[in-house]
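Chemist: Just so it is clear, I am handing over query21.txt, which has compact mmCIF, C-alpha atoms and all ligand atoms.
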# COMPACT_ATOMS: atom_id res chain seq x y z
CA MET A 1 -14.06 -6.61 -178.41
CA LYS A 2 -11.12 -7.05 -180.79
CA LYS A 3 -9.46 -10.45 -181.06
CA LEU A 4 -5.72 -10.96 -181.41
CA LYS A 5 -4.57 -11.66 -184.96
CA LYS A 6 -0.83 -11.36 -184.49
CA SER A 7 1.46 -12.08 -181.55
CA SER A 8 4.06 -9.47 -180.54
CA PHE A 9 6.50 -12.40 -180.31
CA SER A 10 5.99 -12.97 -184.02
CA MET A 11 8.11 -15.12 -186.35
CA VAL A 12 9.75 -11.97 -187.77
CA GLY A 13 10.98 -11.01 -184.27
CA VAL A 14 12.22 -14.51 -183.49
CA LEU A 15 13.95 -14.88 -186.89
CA SER A 16 15.69 -11.50 -186.72
CA PHE A 17 17.02 -12.35 -183.23
CA PHE A 18 18.20 -15.74 -184.56
CA ALA A 19 19.87 -14.04 -187.57
CA LEU A 20 21.70 -11.63 -185.26
CA ILE A 21 23.06 -14.46 -183.08
CA ALA A 22 24.10 -16.51 -186.16
CA PHE A 23 25.75 -13.46 -187.74
CA THR A 24 27.61 -12.67 -184.50
CA MET A 25 28.88 -16.23 -184.16
CA GLN A 26 29.99 -16.30 -187.79
CA VAL A 27 31.88 -13.01 -187.29
CA ALA A 28 33.44 -14.46 -184.11
CA ILE A 29 34.64 -17.57 -185.95
CA LEU A 30 36.09 -15.53 -188.84
CA VAL A 31 37.87 -13.11 -186.50
CA TYR A 32 39.19 -16.04 -184.43
CA ASP A 33 40.48 -17.71 -187.57
CA TYR A 34 42.11 -14.42 -188.69
CA ILE A 35 43.82 -13.94 -185.27
CA ILE A 36 45.06 -17.56 -185.03
CA LYS A 37 46.61 -17.39 -188.50
CA ARG A 38 48.49 -14.12 -187.85
CA THR A 39 49.46 -14.35 -184.19
CA VAL A 40 51.77 -16.86 -182.52
CA ASN A 41 51.75 -15.41 -179.05
CA LYS A 42 49.11 -17.41 -177.04
CA GLY A 43 48.74 -14.62 -174.43
CA ILE A 44 47.84 -12.05 -177.10
CA ILE A 45 45.38 -14.52 -178.69
CA ALA A 46 43.58 -14.95 -175.34
CA VAL A 47 43.38 -11.16 -174.81
CA LEU A 48 42.13 -10.54 -178.38
CA ILE A 49 39.51 -13.27 -178.04
CA LEU A 50 38.40 -11.80 -174.73
CA ILE A 51 38.05 -8.38 -176.38
CA LEU A 52 36.14 -9.98 -179.26
CA VAL A 53 33.73 -11.78 -176.89
CA ILE A 54 33.15 -8.50 -174.99
CA ILE A 55 32.47 -6.53 -178.20
CA LEU A 56 30.06 -9.15 -179.56
CA SER A 57 28.27 -9.48 -176.19
CA VAL A 58 27.87 -5.69 -176.07
CA ILE A 59 26.39 -5.71 -179.61
CA ILE A 60 23.87 -8.43 -178.69
CA THR A 61 23.01 -6.75 -175.37
CA VAL A 62 22.48 -3.35 -177.04
CA PHE A 63 20.34 -4.92 -179.74
CA ASP A 64 18.24 -6.79 -177.17
CA PHE A 65 17.97 -3.65 -175.01
CA LEU A 66 16.67 -1.59 -177.96
CA ARG A 67 14.30 -4.36 -179.02
CA ARG A 68 12.82 -4.58 -175.51
CA LYS A 69 12.66 -0.80 -175.20
CA ILE A 70 10.71 -0.40 -178.45
CA MET A 71 8.59 -3.53 -178.41
CA VAL A 72 7.87 -4.03 -174.71
CA GLU A 73 8.81 -1.11 -172.45
CA ARG A 74 7.25 1.69 -174.51
CA PRO A 75 3.79 0.13 -174.87
CA VAL A 76 3.85 -1.10 -171.24
CA LYS A 77 4.69 2.43 -170.05
CA ARG A 78 1.84 3.89 -172.12
CA ILE A 79 -0.54 1.26 -170.73
CA ILE A 80 0.57 2.00 -167.14
CA ASN A 81 0.05 5.75 -167.69
CA ALA A 82 -3.41 5.14 -169.12
CA THR A 83 -4.48 2.80 -166.29
CA GLU A 84 -3.25 5.35 -163.73
CA LYS A 85 -5.33 8.07 -165.43
CA ILE A 86 -8.43 5.84 -165.55
CA ALA A 87 -7.91 4.82 -161.92
CA SER A 88 -7.82 8.50 -160.94
CA GLY A 89 -11.17 9.06 -162.67
CA ASP A 90 -10.13 10.43 -166.07
CA PHE A 91 -12.47 8.37 -168.26
CA ASN A 92 -11.64 10.36 -171.40
CA THR A 93 -8.28 8.58 -171.63
CA LYS A 94 -7.70 7.16 -175.09
CA LEU A 95 -4.58 5.36 -176.30
CA GLU A 96 -3.40 5.82 -179.88
CA ILE A 97 -2.85 2.44 -181.53
CA ALA A 98 -0.02 2.48 -184.06
CA HIS A 99 -0.97 -0.66 -185.96
CA THR A 100 -3.97 -1.34 -188.13
CA TYR A 101 -6.34 -4.01 -186.85
CA ASP A 102 -4.93 -6.82 -189.02
CA LYS A 103 -1.48 -6.16 -187.53
CA TYR A 104 -2.59 -5.98 -183.88
CA ASN A 105 -0.30 -7.60 -181.31
CA GLU A 106 -1.04 -8.35 -177.61
CA PHE A 107 -0.29 -4.78 -176.54
CA ASP A 108 -2.60 -3.34 -179.20
CA VAL A 109 -5.41 -5.59 -177.97
CA ILE A 110 -4.83 -4.48 -174.35
CA MET A 111 -4.86 -0.82 -175.50
CA GLU A 112 -8.02 -1.34 -177.54
CA ASN A 113 -9.72 -3.00 -174.53
CA LEU A 114 -8.58 -0.15 -172.27
CA ASN A 115 -10.07 2.37 -174.72
CA THR A 116 -13.38 0.45 -174.72
CA MET A 117 -13.32 0.25 -170.92
CA SER A 118 -12.76 3.98 -170.42
CA ALA A 119 -15.44 4.82 -173.04
CA GLU A 120 -17.93 2.57 -171.19
CA LEU A 121 -17.00 4.11 -167.84
CA SER A 122 -17.40 7.60 -169.29
CA LYS A 123 -20.83 6.63 -170.70
CA SER A 124 -22.05 5.30 -167.37
CA GLU A 125 -20.67 8.40 -165.62
CA ILE A 126 -22.77 10.59 -167.94
CA LEU A 127 -25.84 8.40 -167.35
CA LYS A 128 -25.30 8.63 -163.60
CA SER A 129 -24.98 12.40 -163.57
CA ASP A 130 -28.01 12.77 -165.92
CA PHE A 131 -29.98 10.52 -163.58
CA ILE A 132 -28.98 12.55 -160.52
CA SER A 133 -29.89 15.85 -162.18
CA ASN A 134 -33.26 14.43 -163.38
CA VAL A 135 -34.11 13.05 -159.95
CA SER A 136 -33.07 16.31 -158.25
CA HIS A 137 -35.25 18.25 -160.67
CA GLU A 138 -38.23 15.93 -160.15
CA ILE A 139 -37.82 16.19 -156.35
CA LYS A 140 -37.35 19.96 -156.35
CA THR A 141 -40.64 20.78 -158.08
CA PRO A 142 -43.06 19.05 -155.64
CA LEU A 143 -40.87 20.09 -152.70
CA SER A 144 -41.18 23.77 -153.57
CA VAL A 145 -44.97 23.29 -153.96
CA ILE A 146 -45.05 21.69 -150.50
CA GLN A 147 -43.00 24.53 -148.99
CA SER A 148 -45.11 27.33 -150.50
CA TYR A 149 -48.49 25.79 -149.65
CA ALA A 150 -47.37 24.79 -146.15
CA THR A 151 -46.40 28.47 -145.61
CA LEU A 152 -49.81 29.61 -146.90
CA LEU A 153 -51.56 27.16 -144.55
CA GLN A 154 -49.88 28.82 -141.56
CA ASP A 155 -52.08 31.89 -142.07
CA ASP A 156 -54.70 31.78 -139.23
CA SER A 157 -57.15 33.95 -141.16
CA LEU A 158 -57.38 31.47 -144.03
CA ASP A 159 -60.95 30.45 -144.91
CA ASN A 160 -61.94 26.80 -144.82
CA GLU A 161 -62.31 26.43 -148.58
CA SER A 162 -58.75 27.66 -149.26
CA ARG A 163 -57.44 25.48 -146.44
CA GLN A 164 -59.06 22.42 -148.09
CA LYS A 165 -57.70 23.42 -151.48
CA TYR A 166 -54.15 23.92 -150.21
CA SER A 167 -54.13 20.65 -148.27
CA LYS A 168 -55.25 18.85 -151.45
CA ILE A 169 -52.33 20.41 -153.36
CA LEU A 170 -49.98 19.38 -150.53
CA LEU A 171 -51.26 15.80 -150.72
CA GLN A 172 -50.85 15.69 -154.52
CA ALA A 173 -47.28 16.98 -154.29
CA SER A 174 -46.33 14.48 -151.59
CA LYS A 175 -47.97 11.67 -153.62
CA ARG A 176 -45.88 12.70 -156.61
CA LEU A 177 -42.76 12.47 -154.44
CA SER A 178 -43.65 9.06 -153.11
CA ASP A 179 -44.57 7.79 -156.64
CA LEU A 180 -41.18 9.03 -157.85
CA ILE A 181 -39.32 7.14 -155.13
CA THR A 182 -41.42 3.99 -155.67
CA ASN A 183 -40.76 4.01 -159.43
CA ILE A 184 -37.03 4.68 -159.01
CA LEU A 185 -36.78 1.80 -156.53
CA LYS A 186 -38.74 -0.49 -158.88
CA LEU A 187 -36.54 0.43 -161.87
CA ASN A 188 -33.40 -0.01 -159.80
CA LYS A 189 -34.55 -3.40 -158.57
CA LEU A 190 -35.37 -4.52 -162.13
CA GLU A 191 -32.02 -3.31 -163.46
CA ASN A 192 -29.96 -4.98 -160.74
CA GLN A 193 -31.97 -8.16 -160.83
CA THR A 194 -29.64 -11.10 -161.08
CA ILE A 195 -32.05 -13.94 -160.39
CA SER A 196 -34.81 -14.38 -162.95
CA PRO A 197 -38.32 -13.44 -161.75
CA GLU A 198 -40.95 -16.00 -160.88
CA TYR A 199 -43.11 -17.08 -163.82
CA LYS A 200 -46.41 -18.92 -163.37
CA LYS A 201 -49.26 -20.06 -165.55
CA LEU A 202 -51.89 -17.37 -165.04
CA ASN A 203 -55.22 -16.25 -166.37
CA LEU A 204 -54.28 -13.05 -168.24
CA THR A 205 -57.94 -12.09 -168.71
CA ASP A 206 -58.72 -12.19 -164.97
CA THR A 207 -55.46 -10.42 -164.07
CA VAL A 208 -56.11 -7.54 -166.49
CA ALA A 209 -59.83 -7.35 -165.64
CA GLU A 210 -59.07 -6.99 -161.91
CA ILE A 211 -56.71 -4.08 -162.55
CA VAL A 212 -59.14 -2.34 -164.93
CA ILE A 213 -61.96 -2.62 -162.36
CA GLY A 214 -59.79 -0.68 -159.92
CA TYR A 215 -59.83 2.29 -162.35
CA GLU A 216 -63.56 2.27 -163.11
CA GLU A 217 -64.46 4.89 -160.52
CA ILE A 218 -61.82 7.40 -161.57
CA ILE A 219 -62.69 6.87 -165.27
CA GLU A 220 -66.37 7.48 -164.53
CA LYS A 221 -65.58 10.55 -162.42
CA LYS A 222 -63.60 12.03 -165.31
CA GLY A 223 -66.54 11.45 -167.67
CA ILE A 224 -64.65 9.05 -169.92
CA GLU A 225 -66.24 6.04 -171.60
CA LEU A 226 -64.53 2.67 -171.07
CA GLU A 227 -64.79 -0.28 -173.42
CA CYS A 228 -63.29 -3.70 -172.77
CA ASP A 229 -62.98 -6.58 -175.21
CA PHE A 230 -61.26 -9.60 -173.70
CA ASP A 231 -60.44 -13.02 -175.15
CA ASP A 232 -59.81 -15.84 -172.68
CA ILE A 233 -56.04 -16.17 -172.38
CA MET A 234 -53.91 -18.40 -170.20
CA LEU A 235 -50.25 -17.43 -170.15
CA VAL A 236 -46.98 -18.28 -168.45
CA SER A 237 -45.93 -14.87 -167.12
CA ASN A 238 -45.36 -12.72 -164.05
CA SER A 239 -48.49 -11.12 -162.58
CA GLY A 240 -46.48 -8.30 -160.92
CA TYR A 241 -45.08 -7.32 -164.32
CA ILE A 242 -48.53 -7.47 -165.96
CA GLU A 243 -49.75 -5.11 -163.20
CA ILE A 244 -46.93 -2.65 -163.95
CA ILE A 245 -47.83 -2.69 -167.68
CA ILE A 246 -51.60 -2.26 -167.31
CA ASN A 247 -51.39 0.25 -164.44
CA ASN A 248 -49.07 2.54 -166.38
CA LEU A 249 -50.77 2.27 -169.78
CA LEU A 250 -54.21 2.77 -168.28
CA SER A 251 -53.22 5.62 -165.97
CA ASN A 252 -51.59 7.39 -168.93
CA ALA A 253 -54.71 6.89 -171.07
CA ILE A 254 -56.83 8.39 -168.27
CA LYS A 255 -54.40 11.27 -167.65
CA PHE A 256 -54.13 12.27 -171.31
CA THR A 257 -57.83 11.89 -172.22
CA ASP A 258 -60.32 14.65 -171.49
CA LYS A 259 -63.98 14.47 -170.52
CA ASN A 260 -66.25 12.72 -173.07
CA GLY A 261 -63.27 10.81 -174.43
CA LYS A 262 -63.05 7.04 -174.76
CA ILE A 263 -60.59 4.41 -173.57
CA LYS A 264 -60.54 0.88 -174.91
CA VAL A 265 -58.70 -2.06 -173.39
CA SER A 266 -58.57 -5.23 -175.44
CA LEU A 267 -56.98 -8.67 -175.11
CA LYS A 268 -56.51 -10.87 -178.16
CA SER A 269 -55.27 -14.41 -178.12
CA ILE A 270 -52.36 -15.28 -180.42
CA SER A 271 -50.45 -18.52 -180.78
CA ASN A 272 -48.29 -18.94 -177.69
CA GLY A 273 -49.41 -15.68 -176.06
CA GLY A 274 -51.64 -12.65 -176.06
CA VAL A 275 -51.83 -9.06 -177.33
CA ILE A 276 -52.90 -6.26 -175.00
CA LYS A 277 -54.08 -3.00 -176.57
CA VAL A 278 -54.82 0.17 -174.60
CA SER A 279 -56.17 2.96 -176.78
CA ASP A 280 -57.58 6.37 -176.01
CA THR A 281 -59.04 9.39 -177.77
CA GLY A 282 -56.75 11.76 -175.86
CA CYS A 283 -54.29 14.46 -176.84
CA GLY A 284 -51.98 12.11 -178.78
CA ILE A 285 -48.18 12.04 -178.93
CA PRO A 286 -46.11 14.22 -181.31
CA LYS A 287 -44.25 12.12 -183.91
CA GLU A 288 -40.83 13.70 -183.34
CA THR A 289 -40.84 13.26 -179.56
CA GLY A 290 -42.82 10.00 -179.56
CA LYS A 291 -39.67 7.94 -180.09
CA ARG A 292 -38.37 9.00 -176.70
CA ILE A 293 -41.38 8.23 -174.50
CA PHE A 294 -39.82 4.99 -173.21
CA GLU A 295 -36.76 6.86 -171.90
CA ARG A 296 -36.55 7.60 -168.19
CA PHE A 297 -37.96 11.00 -167.17
CA TYR A 298 -39.02 11.84 -170.73
CA GLN A 299 -42.32 13.71 -170.97
CA CYS A 300 -43.57 15.21 -174.25
CA ASP A 301 -46.62 16.83 -172.78
CA THR A 302 -45.46 19.61 -170.44
CA SER A 303 -49.04 20.57 -169.49
CA HIS A 304 -49.37 17.26 -167.62
CA ALA A 305 -45.77 17.21 -166.35
CA SER A 306 -46.91 17.99 -162.80
CA GLU A 307 -48.93 14.75 -162.79
CA GLY A 308 -46.02 12.39 -163.18
CA ASN A 309 -42.29 11.94 -163.48
CA GLY A 310 -41.88 10.30 -166.87
CA LEU A 311 -40.88 6.95 -165.39
CA GLY A 312 -44.02 4.90 -166.08
CA LEU A 313 -43.26 3.87 -169.66
CA ALA A 314 -39.57 3.26 -168.86
CA LEU A 315 -40.75 0.72 -166.27
CA VAL A 316 -43.20 -0.82 -168.73
CA LYS A 317 -40.48 -1.18 -171.38
CA LYS A 318 -38.10 -2.70 -168.84
CA VAL A 319 -40.48 -5.46 -167.70
CA ILE A 320 -41.52 -6.22 -171.29
CA ASP A 321 -37.84 -6.55 -172.27
CA ILE A 322 -37.22 -8.89 -169.32
CA MET A 323 -40.13 -11.11 -170.44
CA GLY A 324 -39.02 -11.01 -174.09
CA GLY A 325 -42.21 -9.23 -175.25
CA GLU A 326 -42.75 -6.22 -177.50
CA ILE A 327 -44.35 -2.80 -177.14
CA SER A 328 -45.30 -0.34 -179.85
CA VAL A 329 -47.37 2.80 -180.13
CA THR A 330 -49.36 4.55 -182.83
CA SER A 331 -50.68 8.02 -182.21
CA GLU A 332 -52.20 11.04 -183.84
CA ILE A 333 -52.24 14.50 -182.31
CA SER A 334 -55.70 15.43 -180.91
CA LYS A 335 -57.10 12.07 -182.05
CA GLY A 336 -55.54 9.67 -179.55
CA SER A 337 -52.98 6.93 -178.98
CA GLU A 338 -52.87 3.16 -179.05
CA PHE A 339 -50.29 1.11 -177.16
CA THR A 340 -49.86 -2.53 -178.24
CA VAL A 341 -48.10 -5.07 -176.05
CA VAL A 342 -47.29 -8.56 -177.30
CA LEU A 343 -46.73 -11.08 -174.52
CA LYS A 344 -45.55 -14.59 -175.19
CA ASN A 345 -45.43 -17.56 -172.85
CA VAL A 346 -42.18 -17.04 -170.99
CA GLU A 347 -39.90 -20.02 -171.32
CA ALA A 348 -39.13 -20.80 -167.72
CA ASP A 349 -38.83 -23.72 -165.32
CA ILE A 350 -42.32 -23.98 -163.89
N1 LIG B 1 -51.82 7.76 -173.72
C1 LIG B 1 -51.01 8.80 -173.91
N2 LIG B 1 -51.47 9.91 -174.56
C2 LIG B 1 -50.67 10.97 -174.78
N3 LIG B 1 -49.37 11.05 -174.36
C3 LIG B 1 -48.89 9.99 -173.69
C4 LIG B 1 -49.66 8.82 -173.44
N4 LIG B 1 -48.89 7.93 -172.77
C5 LIG B 1 -47.68 8.54 -172.61
N5 LIG B 1 -47.67 9.76 -173.16
C6 LIG B 1 -46.52 10.69 -173.22
O1 LIG B 1 -45.36 9.99 -172.84
C7 LIG B 1 -44.74 10.58 -171.70
C8 LIG B 1 -44.07 9.53 -170.86
O2 LIG B 1 -45.04 8.70 -170.24
P1 LIG B 1 -44.71 8.06 -168.83
O3 LIG B 1 -45.85 7.19 -168.43
O4 LIG B 1 -43.37 7.45 -168.90
O5 LIG B 1 -44.57 9.34 -167.87
P2 LIG B 1 -45.67 10.16 -167.11
O6 LIG B 1 -47.03 9.52 -167.25
O7 LIG B 1 -45.54 11.58 -167.54
O8 LIG B 1 -45.19 10.08 -165.60
P3 LIG B 1 -45.30 8.80 -164.62
O9 LIG B 1 -45.72 7.62 -165.45
O10 LIG B 1 -43.94 8.66 -164.05
O11 LIG B 1 -46.33 9.15 -163.62
C9 LIG B 1 -45.87 11.31 -171.00
O12 LIG B 1 -45.39 12.37 -170.20
C10 LIG B 1 -46.68 11.81 -172.19
O13 LIG B 1 -46.10 12.99 -172.72
MG MG B 2 -47.25 7.42 -166.82
Would you encode the structure as structure tokens?
Modeler:
Amino acid sequence: MKKLKKSSFSMVGVLSFFALIAFTMQVAILVYDYIIKRTVNKGIIAVLILILVIILSVIITVFDFLRRKIMVERPVKRIINATEKIASGDFNTKLEIAHTYDKYNEFDVIMENLNTMSAELSKSEILKSDFISNVSHEIKTPLSVIQSYATLLQDDSLDNESRQKYSKILLQASKRLSDLITNILKLNKLENQTISPEYKKLNLTDTVAEIVIGYEEIIEKKGIELECDFDDIMLVSNSGYIEIIINNLLSNAIKFTDKNGKIKVSLKSISNGGVIKVSDTGCGIPKETGKRIFERFYQCDTSHASEGNGLGLALVKKVIDIMGGEISVTSEISKGSEFTVVLKNVEADI
């Protein structure tokens, strides 16, 4: 936001108005002196002085009128027009500022702020419409799966095996829908959060271990090896946020690692916190698209797109940002990926 350097009621303006008044009075005195010396008739003197006063008043009024018109009315009119446009939803409104920044007056600062405001509104409008189109797309895909398989299930002659298969697909699609809604609600809640979350001293090792245990069966079923290496760490943090981080990193590692692969979860103690690493020997993340994986709805691997909505890592990033931690990733195509999360004791009233 630009700060005011110069007032529109500057010394130059004040001095020029003062000079005009002084000049007018001087002229009046000289003319009066001229009239008095050459005219004896008192009636004529009074009329001439009246005419003189009228002429000089008109000059001052015209000058003041022009000054107001140029310095106040014009910019105010432009500002009113712009605010009307913005109020009617035209967020591309941009006011041209005549002065350079070092010569800005109050009106220039208002115009500059209006430009910033409409640019911000336009940005959030784009984000909103992108979000709506992403959500609609993510809803449409599982919905059309549900519609087609529900139609297939209506066939009375369908054998039992196909019926089982189709119901499984229906369940997966409806789970994808409910995961999408859950993640959107979670993200929304985190973004609109005004009160700071509850932080407690917790045993990070136990918290992570409990979550990992919940995945053991599915990891085993997929034929993946799991290795854990945990230091003992006590940390001031939020267990709900830790759950979001581990659940998403681990479920991604499982999703993107094939049979006979390996997943490693490690916890290392650092001063004032801990480092969580989740690595896998899965498909890896392409370098050029890897930078975008923390964006909402971004998925680099289209072959697994039906198994998620691209919101997991956006949620992870959000909670890590709230706690003041860090997340980074290293990856190599066909070799695997490693996500590193640094968590520090959250400074909070506990
Ligand atoms: N361990 C990983 N190995 C390979 N690619 C990964 C890994 N983790 C994330 N990715 C890539 O990053 C993308 C974004 O991940 P994210 O967790 O946000 O979404 P998702 O898993 O596709 O869907 P969701 O988490 O909403 O179920 C993934 O689609 C995938 O392309
Ligand atoms: Mg995910």
Chemist: Tell me which protein, DNA and RNA residues are within 9 Å of Asn203 in chain A, counting only C-alpha atoms, leaving out same-chain ones fewer than 2 positions away, and put them as a PyMOL selection string.
Modeler: chain A and resi 201+205-208+232-236
Chemist: Quick one, how far is CA of Gly240 in chain A from CA of Val278 in chain A?
Modeler: 18.1 Å
Chemist: Go through A:Ile44, A:Leu190, A:Ile224, A:Ile263 one by one, measure the shortest atom-to-atom distance of each to Leu315 in chain A using all atoms listed in the file, and give the residue with the smallest value.
Modeler: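 Checking each candidate against Leu315 in chain A, we get A:Leu190 as the closest.
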Chemist: Give me, as JSON lines, the closest atom pair and its distance (Å, one decimal) for every residue of chain A within a cut-off of 7 Å of ligand MG 2 (chain B), counting all atoms listed in the file, rows sorted by chain and rising number.
Modeler:
{"residue": "A:Asn248", "atom": "CA", "partner": "B:MG2", "partner_atom": "MG", "distance": 5.2}
{"residue": "A:Leu249", "atom": "CA", "partner": "B:MG2", "partner_atom": "MG", "distance": 6.9}
{"residue": "A:Ser251", "atom": "CA", "partner": "B:MG2", "partner_atom": "MG", "distance": 6.3}
{"residue": "A:Asn252", "atom": "CA", "partner": "B:MG2", "partner_atom": "MG", "distance": 4.8}
{"residue": "A:Gly308", "atom": "CA", "partner": "B:MG2", "partner_atom": "MG", "distance": 6.3}
{"residue": "A:Gly310", "atom": "CA", "partner": "B:MG2", "partner_atom": "MG", "distance": 6.1}
{"residue": "A:Leu311", "atom": "CA", "partner": "B:MG2", "partner_atom": "MG", "distance": 6.5}
{"residue": "A:Gly312", "atom": "CA", "partner": "B:MG2", "partner_atom": "MG", "distance": 4.2}
{"residue": "A:Leu313", "atom": "CA", "partner": "B:MG2", "partner_atom": "MG", "distance": 6.0}
Chemist: As a PyMOL selection string, please: the residues near Asn345 in chain A (cut-off 7 Å, only C-alpha atoms, same-chain neighbours under 2 positions excluded).
Modeler: chain A and resi 235-237+272-273+343+347
Chemist: Give the answer as one residue: which of A:Glu198, A:Glu138, A:Glu191, A:Glu210 has the shortest atom-to-atom distance to ligand LIG 1 (chain B), using only C-alpha atoms and all ligand atoms?
Modeler: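 Among the listed residues, A:Glu138 lies closest to ligand LIG 1 (chain B).
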Chemist: When distances are computed from all atoms listed in the file, which of A:Val342, A:Leu226, A:Ile285, A:Ile246 shows the smallest separation from ligand LIG 1 (chain B)?
Modeler: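 When distances to ligand LIG 1 (chain B) are compared using all atoms listed in the file, the smallest one comes from A:Ile285.
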Chemist: Go through the chains and note each residue within 8 Å of ligand LIG 1 (chain B), using all atoms listed in the file, then give the set as a ChimeraX atom specification.
Modeler: /A:176,179-180,183,248-257,279-280,282-285,290,293-302,304-305,307-315,331,336-339
Chemist: What does the distance between CA of Leu121 in chain A and CA of Arg74 in chain A come to in Å, to one decimal place?
Modeler: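 Going from CA of Leu121 in chain A over to CA of Arg74 in chain A covers 25.3 Å.
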Chemist: So how far away is CA of Ser133 in chain A from CA of Ala82 in chain A, in Å?
Modeler: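 Result for CA of Ala82 in chain A versus CA of Ser133 in chain A: 29.4 Å, one decimal.
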Chemist: Pick from A:Met11, A:Ile49, A:Ile244, A:Ile126: nearest to Ile29 in chain A, with all atoms listed in the file counted?
Modeler: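 Looking only at the distances to Ile29 in chain A, the closest residue turns out to be A:Ile49.
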Chemist: Out of A:Thr93, A:Ser334, A:Asn247, A:Ser271, which residue has the shortest atom-to-atom distance to Pro286 in chain A when counting all atoms listed in the file?
Modeler: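 Nearest to Pro286 in chain A: A:Ser334.
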Chemist: Residues at most 9 Å from Lys94 in chain A, counting only C-alpha atoms, excluding those fewer than 5 positions away in the same chain, as an NGL selection string?
Modeler: :A and (82 or 111-112 or 114-116 or 118-119)
Chemist: Residues near range 142-146 of chain A, anyone? I mean within 12 Å using all atoms listed in the file, not counting same-chain ones fewer than 3 positions away, as a ChimeraX atom specification.
Modeler: /A:135-139,149-153,166-180,305-309
Chemist: With all atoms listed in the file as the counted atoms, please give the residues lying no more than 12 Å from Glu220 in chain A, apart from itself and same-chain residues fewer than 3 positions off, as a short mmCIF file (atom, residue, chain, number, x, y, z; two decimals) with C-alpha atoms, in the frame of the given file.
Modeler:
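Written file, selection12.cif:
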data_model
loop_
_atom_site.label_atom_id
_atom_site.label_comp_id
_atom_site.auth_asym_id
_atom_site.auth_seq_id
_atom_site.Cartn_x
_atom_site.Cartn_y
_atom_site.Cartn_z
CA ILE A 213 -61.96 -2.62 -162.36
CA GLY A 214 -59.79 -0.68 -159.92
CA TYR A 215 -59.83 2.29 -162.35
CA GLU A 216 -63.56 2.27 -163.11
CA GLU A 217 -64.46 4.89 -160.52
CA GLY A 223 -66.54 11.45 -167.67
CA ILE A 224 -64.65 9.05 -169.92
CA GLU A 225 -66.24 6.04 -171.60
CA LEU A 226 -64.53 2.67 -171.07
CA GLU A 227 -64.79 -0.28 -173.42
CA ILE A 254 -56.83 8.39 -168.27
CA ASP A 258 -60.32 14.65 -171.49
CA LYS A 259 -63.98 14.47 -170.52
CA ASN A 260 -66.25 12.72 -173.07
CA GLY A 261 -63.27 10.81 -174.43
CA LYS A 262 -63.05 7.04 -174.76
CA ILE A 263 -60.59 4.41 -173.57
#
Chemist: With all atoms listed in the file as the atoms that count, which of A:Thr330, A:Val31, A:Arg68, A:Val76 lies nearest to Val53 in chain A?
Modeler: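 Comparing A:Thr330, A:Val31, A:Arg68, A:Val76 against Val53 in chain A, the winner is A:Val31.
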Chemist: What residues have an atom no more than 12 Å from (43.2, -10.4, -178.6) in the file's own frame, counting only C-alpha atoms, and can you write them as a list in words?
Modeler: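 So the residues meeting the distance criterion are Ala28, Val31, Tyr32, Asp33, Tyr34, Ile35, Ile36, Arg38, Thr39, Val40, Asn41, Lys42, Gly43, Ile44, Ile45, Ala46, Val47, Leu48, Ile49, Leu50, Ile51, Leu52, Val53, Ile54 and Ile55 of chain A.
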Chemist: Using only C-alpha atoms, what residues lie at most 9 Å away from (-64.7, -4.4, -171.0) (file coordinates), given as a ChimeraX atom specification?
Modeler: /A:209,212,226-230,264-266
